[in-house]
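Written out below as structure tokens is the structure these notes cover.
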2 protein chains.
Amino acid sequence: MSTKNKILDAADVLFADKGFNGTSLREITSQANVNLAAVNYHFGSKKELIKAVMSRYMDELSPHLELALSAICEAENKPSLHEVFSAFIEPLLNLNQFKENGTSTFLQLLGRGYTDSQGFLRWFLTTQYPNVFTNFTKAVKIAYPQLSTEEMFWRLHFTMGTIVFTMSSSEALIDIAQNDFDNQLDIAGVIERVIPYVAAGVAAPIAKL
Amino acid sequence: MSTKNKILDAADVLFADKGFNGTSLREITSQANVNLAAVNYHFGSKKELIKAVMSRYMDELSPHLELALSAICEAENKPSLHEVFSAFIEPLLNLNQFKENGTSTFLQLLGRGYTDSQGFLRWFLTTQYPNVFTNFTKAVKIAYPQLSTEEMFWRLHFTMGTIVFTMSSSEALIDIAQNDFDNQLDIAGVIERVIPYVAAGVAAPIAKL
DNA sequence: GGCTATTTTAAACGCGTGTTTGAACTGAAT
DNA sequence: ATTCAGTTCAAACACGCGTTTAAAATAGCC
């Protein structure tokens, strides 16, 4: 395996686990069994490495997401919100074939990106992969046309928060849940539990202000 | 004003804004116009300073929260989930009288605590202020008794995620919202919007697995 | 005023960070 | 065999971090 890929593989696990700021290049390179200077040689800087880690997932994921969402938009019968959110499930779970533990690692990374590094990753994602966002809001608009643009703005961000936060602490939560209820549970189980929650949240009756 | 309080005031604004790991003692002490060594003299270490910042809010907040939640539990008529979550509003907003921008600062700090510092703050809060949590789950159990303990565990964590994540990025979101929809909006407005969302999420129909 | 305890101060310490350097090594094309 | 671009390597660099030190300043009490 190439040095570049060894670095990417080590980096995304560590980034997901301890955050971008919380992971040093020395940890990454020693985990990957490569020289410290290799990161700067192959990627230029730590920031570029972060982008590369995220791009590897997004380049795989975003075409499938765009396809699934636009299929929903062009369907004959009006979709439910539950169906809109469910469109994410398959592409996300397919990341596990793309890379071991790909789904949970990616979602954890997403969570890190929103809270670490003062929003630079949020900027990166929304500017580099805008179609995912526009297709998604379009689908929600079809499924729940009464929702004003402003209300939708907030509810989608609440949803983003729910997903992202849940996933960035999912390992700890799964541990707790397994101790307390001792039934098997994995990332797919968490996703299946969170979908009804966010769908109901977005579908909530509109508050009179 | 005492040096200790100058440090606390400077610290909680900076911590809320840039996270615990992202804020250095040098930033804090220069913002507070005190000597660098004052933090270690008065608090012992950075970790203890973080605890002190959180305790200042929690000691003010937790009695009111416990009271409001236990009042709901002992009420004659069964409360709705919306009422349970609304119990948080007044105590939270009263933090603005306790300290300027107290509400949003505290909620941002809470968000930081969950993602920074690998969960040590989560441990601190749940062990130091357990009654808030137990009263809350008790109230939810009354409002929605069909919900299994396991399902409730997950939905409460989803809720925590929604709140915490929203608040830790609330400033940026309010900025965006104000540009796009140009109507006035503040932290109270965000809270009023998020309550229906989380209430509906927790109240979602139980998925058949 | 003189003594004591508390607080403030400037300076330094040790360490970990991201990055850079220049030499050593590798492997294929001439 | 030699050349040369591509890659690896150990070492160092400059910097920021939390913390510690010991002297100076301050305040409170007899």
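Within each chain, counting starts at residue 1; across the structure tokens, chains are named A, B, ... in the order shown, with ligands numbered 1 upward in that order.
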task = Within 7 Å of chain B, which residues of chain A are there when counting only C-alpha atoms? Please give them as a list in words.
result = Glu150, Phe158, Gly161, Thr162, Phe165, Thr166, Phe181, Pro196, Tyr197, Val198, Ala200, Gly201, Val202 and Ala204 of chain A
Selection near range 55-69 of chain A, 7 Å with only C-alpha atoms (C1' of nucleotides), sequence-local residues under 6 positions removed, as a compact mmCIF listing (two decimals) with C-alpha atoms, in the first residue's frame:
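The result, stored in result.txt:
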# COMPACT_ATOMS: atom_id res chain seq x y z
CA ALA A 87 -32.68 8.11 1.26
CA PHE A 88 -29.52 8.67 3.24
CA PRO A 91 -25.52 5.39 0.60
CA PHE A 106 -17.34 9.25 8.25
CA ASN A 131 -25.56 19.78 -4.77
CA VAL A 132 -26.15 17.47 -1.86
CA ASN A 135 -31.16 18.46 -3.55
CA PHE A 136 -31.90 17.73 0.05
CA ALA A 139 -36.81 17.08 -1.44
Each chain B residue no farther than 12 Å from chain D, nearest pair in Å, only C-alpha atoms (C1' of nucleotides), as JSON lines:
{"residue": "B:Asn21", "atom": "CA", "partner": "D:DC17", "partner_atom": "C1'", "distance": 10.6}
{"residue": "B:Gly22", "atom": "CA", "partner": "D:DC17", "partner_atom": "C1'", "distance": 11.0}
{"residue": "B:Thr23", "atom": "CA", "partner": "D:DC17", "partner_atom": "C1'", "distance": 10.4}
{"residue": "B:Ser24", "atom": "CA", "partner": "D:DC17", "partner_atom": "C1'", "distance": 7.4}
{"residue": "B:Leu25", "atom": "CA", "partner": "D:DG18", "partner_atom": "C1'", "distance": 7.8}
{"residue": "B:Arg26", "atom": "CA", "partner": "D:DC17", "partner_atom": "C1'", "distance": 9.1}
{"residue": "B:Glu27", "atom": "CA", "partner": "D:DC17", "partner_atom": "C1'", "distance": 11.4}
{"residue": "B:Leu36", "atom": "CA", "partner": "D:DT19", "partner_atom": "C1'", "distance": 10.3}
{"residue": "B:Ala37", "atom": "CA", "partner": "D:DT19", "partner_atom": "C1'", "distance": 8.4}
{"residue": "B:Ala38", "atom": "CA", "partner": "D:DT19", "partner_atom": "C1'", "distance": 11.3}
{"residue": "B:Val39", "atom": "CA", "partner": "D:DT19", "partner_atom": "C1'", "distance": 10.2}
{"residue": "B:Asn40", "atom": "CA", "partner": "D:DT19", "partner_atom": "C1'", "distance": 7.6}
{"residue": "B:Tyr41", "atom": "CA", "partner": "D:DT19", "partner_atom": "C1'", "distance": 10.3}
{"residue": "B:Gly44", "atom": "CA", "partner": "D:DT19", "partner_atom": "C1'", "distance": 9.5}
{"residue": "B:Ser45", "atom": "CA", "partner": "D:DG18", "partner_atom": "C1'", "distance": 8.0}
{"residue": "B:Lys46", "atom": "CA", "partner": "D:DG18", "partner_atom": "C1'", "distance": 7.6}
{"residue": "B:Lys47", "atom": "CA", "partner": "D:DG18", "partner_atom": "C1'", "distance": 10.4}
Inset, instruction - Would you return as a ChimeraX atom specification the members of range 30-171 of chain B that DSSP assigns to alpha helix (DSSP H) on this structure's backbone? - result: /B:30-31,38-43,46-73,81-86,89-98,102-115,120-128,130-143,149-168,170-171
* Name the residues in contact with Leu8 in chain B at a cut-off of 8 Å, using only C-alpha atoms (C1' of nucleotides), excluding same-chain residues fewer than 2 positions from it; report them as a list in words. =>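 Within the cut-off, the hits are Lys4, Asn5, Lys6, Ala10, Ala11, Asp12, Leu49, Ala52 and Val53 of chain B.
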Using N, CA and C atoms, can you export the residues from the last selection as a compact mmCIF listing (two decimals), in the first residue's frame?
# COMPACT_ATOMS: atom_id res chain seq x y z
N LYS B 4 -9.91 36.69 40.41
CA LYS B 4 -10.56 35.41 40.16
C LYS B 4 -11.76 35.60 39.23
N ASN B 5 -12.58 36.60 39.52
CA ASN B 5 -13.76 36.82 38.68
C ASN B 5 -13.41 37.37 37.31
N LYS B 6 -12.37 38.19 37.26
CA LYS B 6 -11.94 38.68 35.94
C LYS B 6 -11.55 37.50 35.04
N ALA B 10 -13.54 36.35 31.59
CA ALA B 10 -12.85 36.26 30.30
C ALA B 10 -12.87 34.83 29.79
N ALA B 11 -12.72 33.88 30.70
CA ALA B 11 -12.59 32.48 30.28
C ALA B 11 -13.88 31.97 29.66
N ASP B 12 -15.02 32.27 30.25
CA ASP B 12 -16.21 31.61 29.73
C ASP B 12 -16.60 32.15 28.35
N LEU B 49 -9.95 25.31 36.19
CA LEU B 49 -10.61 26.54 35.72
C LEU B 49 -11.85 26.21 34.90
N ALA B 52 -14.53 25.29 37.19
CA ALA B 52 -15.04 26.47 37.90
C ALA B 52 -15.99 27.26 37.01
N VAL B 53 -15.63 27.39 35.74
CA VAL B 53 -16.50 28.12 34.81
C VAL B 53 -17.86 27.43 34.70
task: Identify every residue of chain C that has at least one atom within 8 Å of any atom of chain A, counting only C-alpha atoms (C1' of nucleotides), and report the result as a count of residues only.
output: 3
Here CA of Met54 in chain A and CA of Leu109 in chain A stand apart by 7.7 Å
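Shell of Ser104 in chain A at 8 Å, with only C-alpha atoms (C1' of nucleotides) counted and residues fewer than 3 places along the chain excluded, is Asn101, Leu107, Gln108, Met167 and Ile187 of chain A.
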Q: Quick one: everything within 8 Å of range 71-80 of chain A, counting only C-alpha atoms (C1' of nucleotides), minus sequence neighbours fewer than 4 positions away in the same chain. Send it as a list in words.
A: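 Residues meeting the cut-off are Leu67, Val84, Lys138, Ala139, Ile142, Ala143 and Tyr144 of chain A.
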Give me a file of those residues, with C-alpha atoms, as a short mmCIF file (atom, residue, chain, number, x, y, z; two decimals), in the first residue's frame.
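Produced file out-v7.cif, reproduced below:
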data_model
loop_
_atom_site.label_atom_id
_atom_site.label_comp_id
_atom_site.auth_asym_id
_atom_site.auth_seq_id
_atom_site.Cartn_x
_atom_site.Cartn_y
_atom_site.Cartn_z
CA LEU A 67 -28.97 10.47 -7.18
CA VAL A 84 -36.56 11.67 2.33
CA LYS A 138 -35.65 20.52 -2.53
CA ALA A 139 -36.81 17.08 -1.44
CA ILE A 142 -41.73 18.66 -1.73
CA ALA A 143 -42.46 16.41 1.20
CA TYR A 144 -43.58 19.21 3.49
#
Atom pair CA of Asn94 in chain A + CA of Leu125 in chain A, distance 20.0 Å
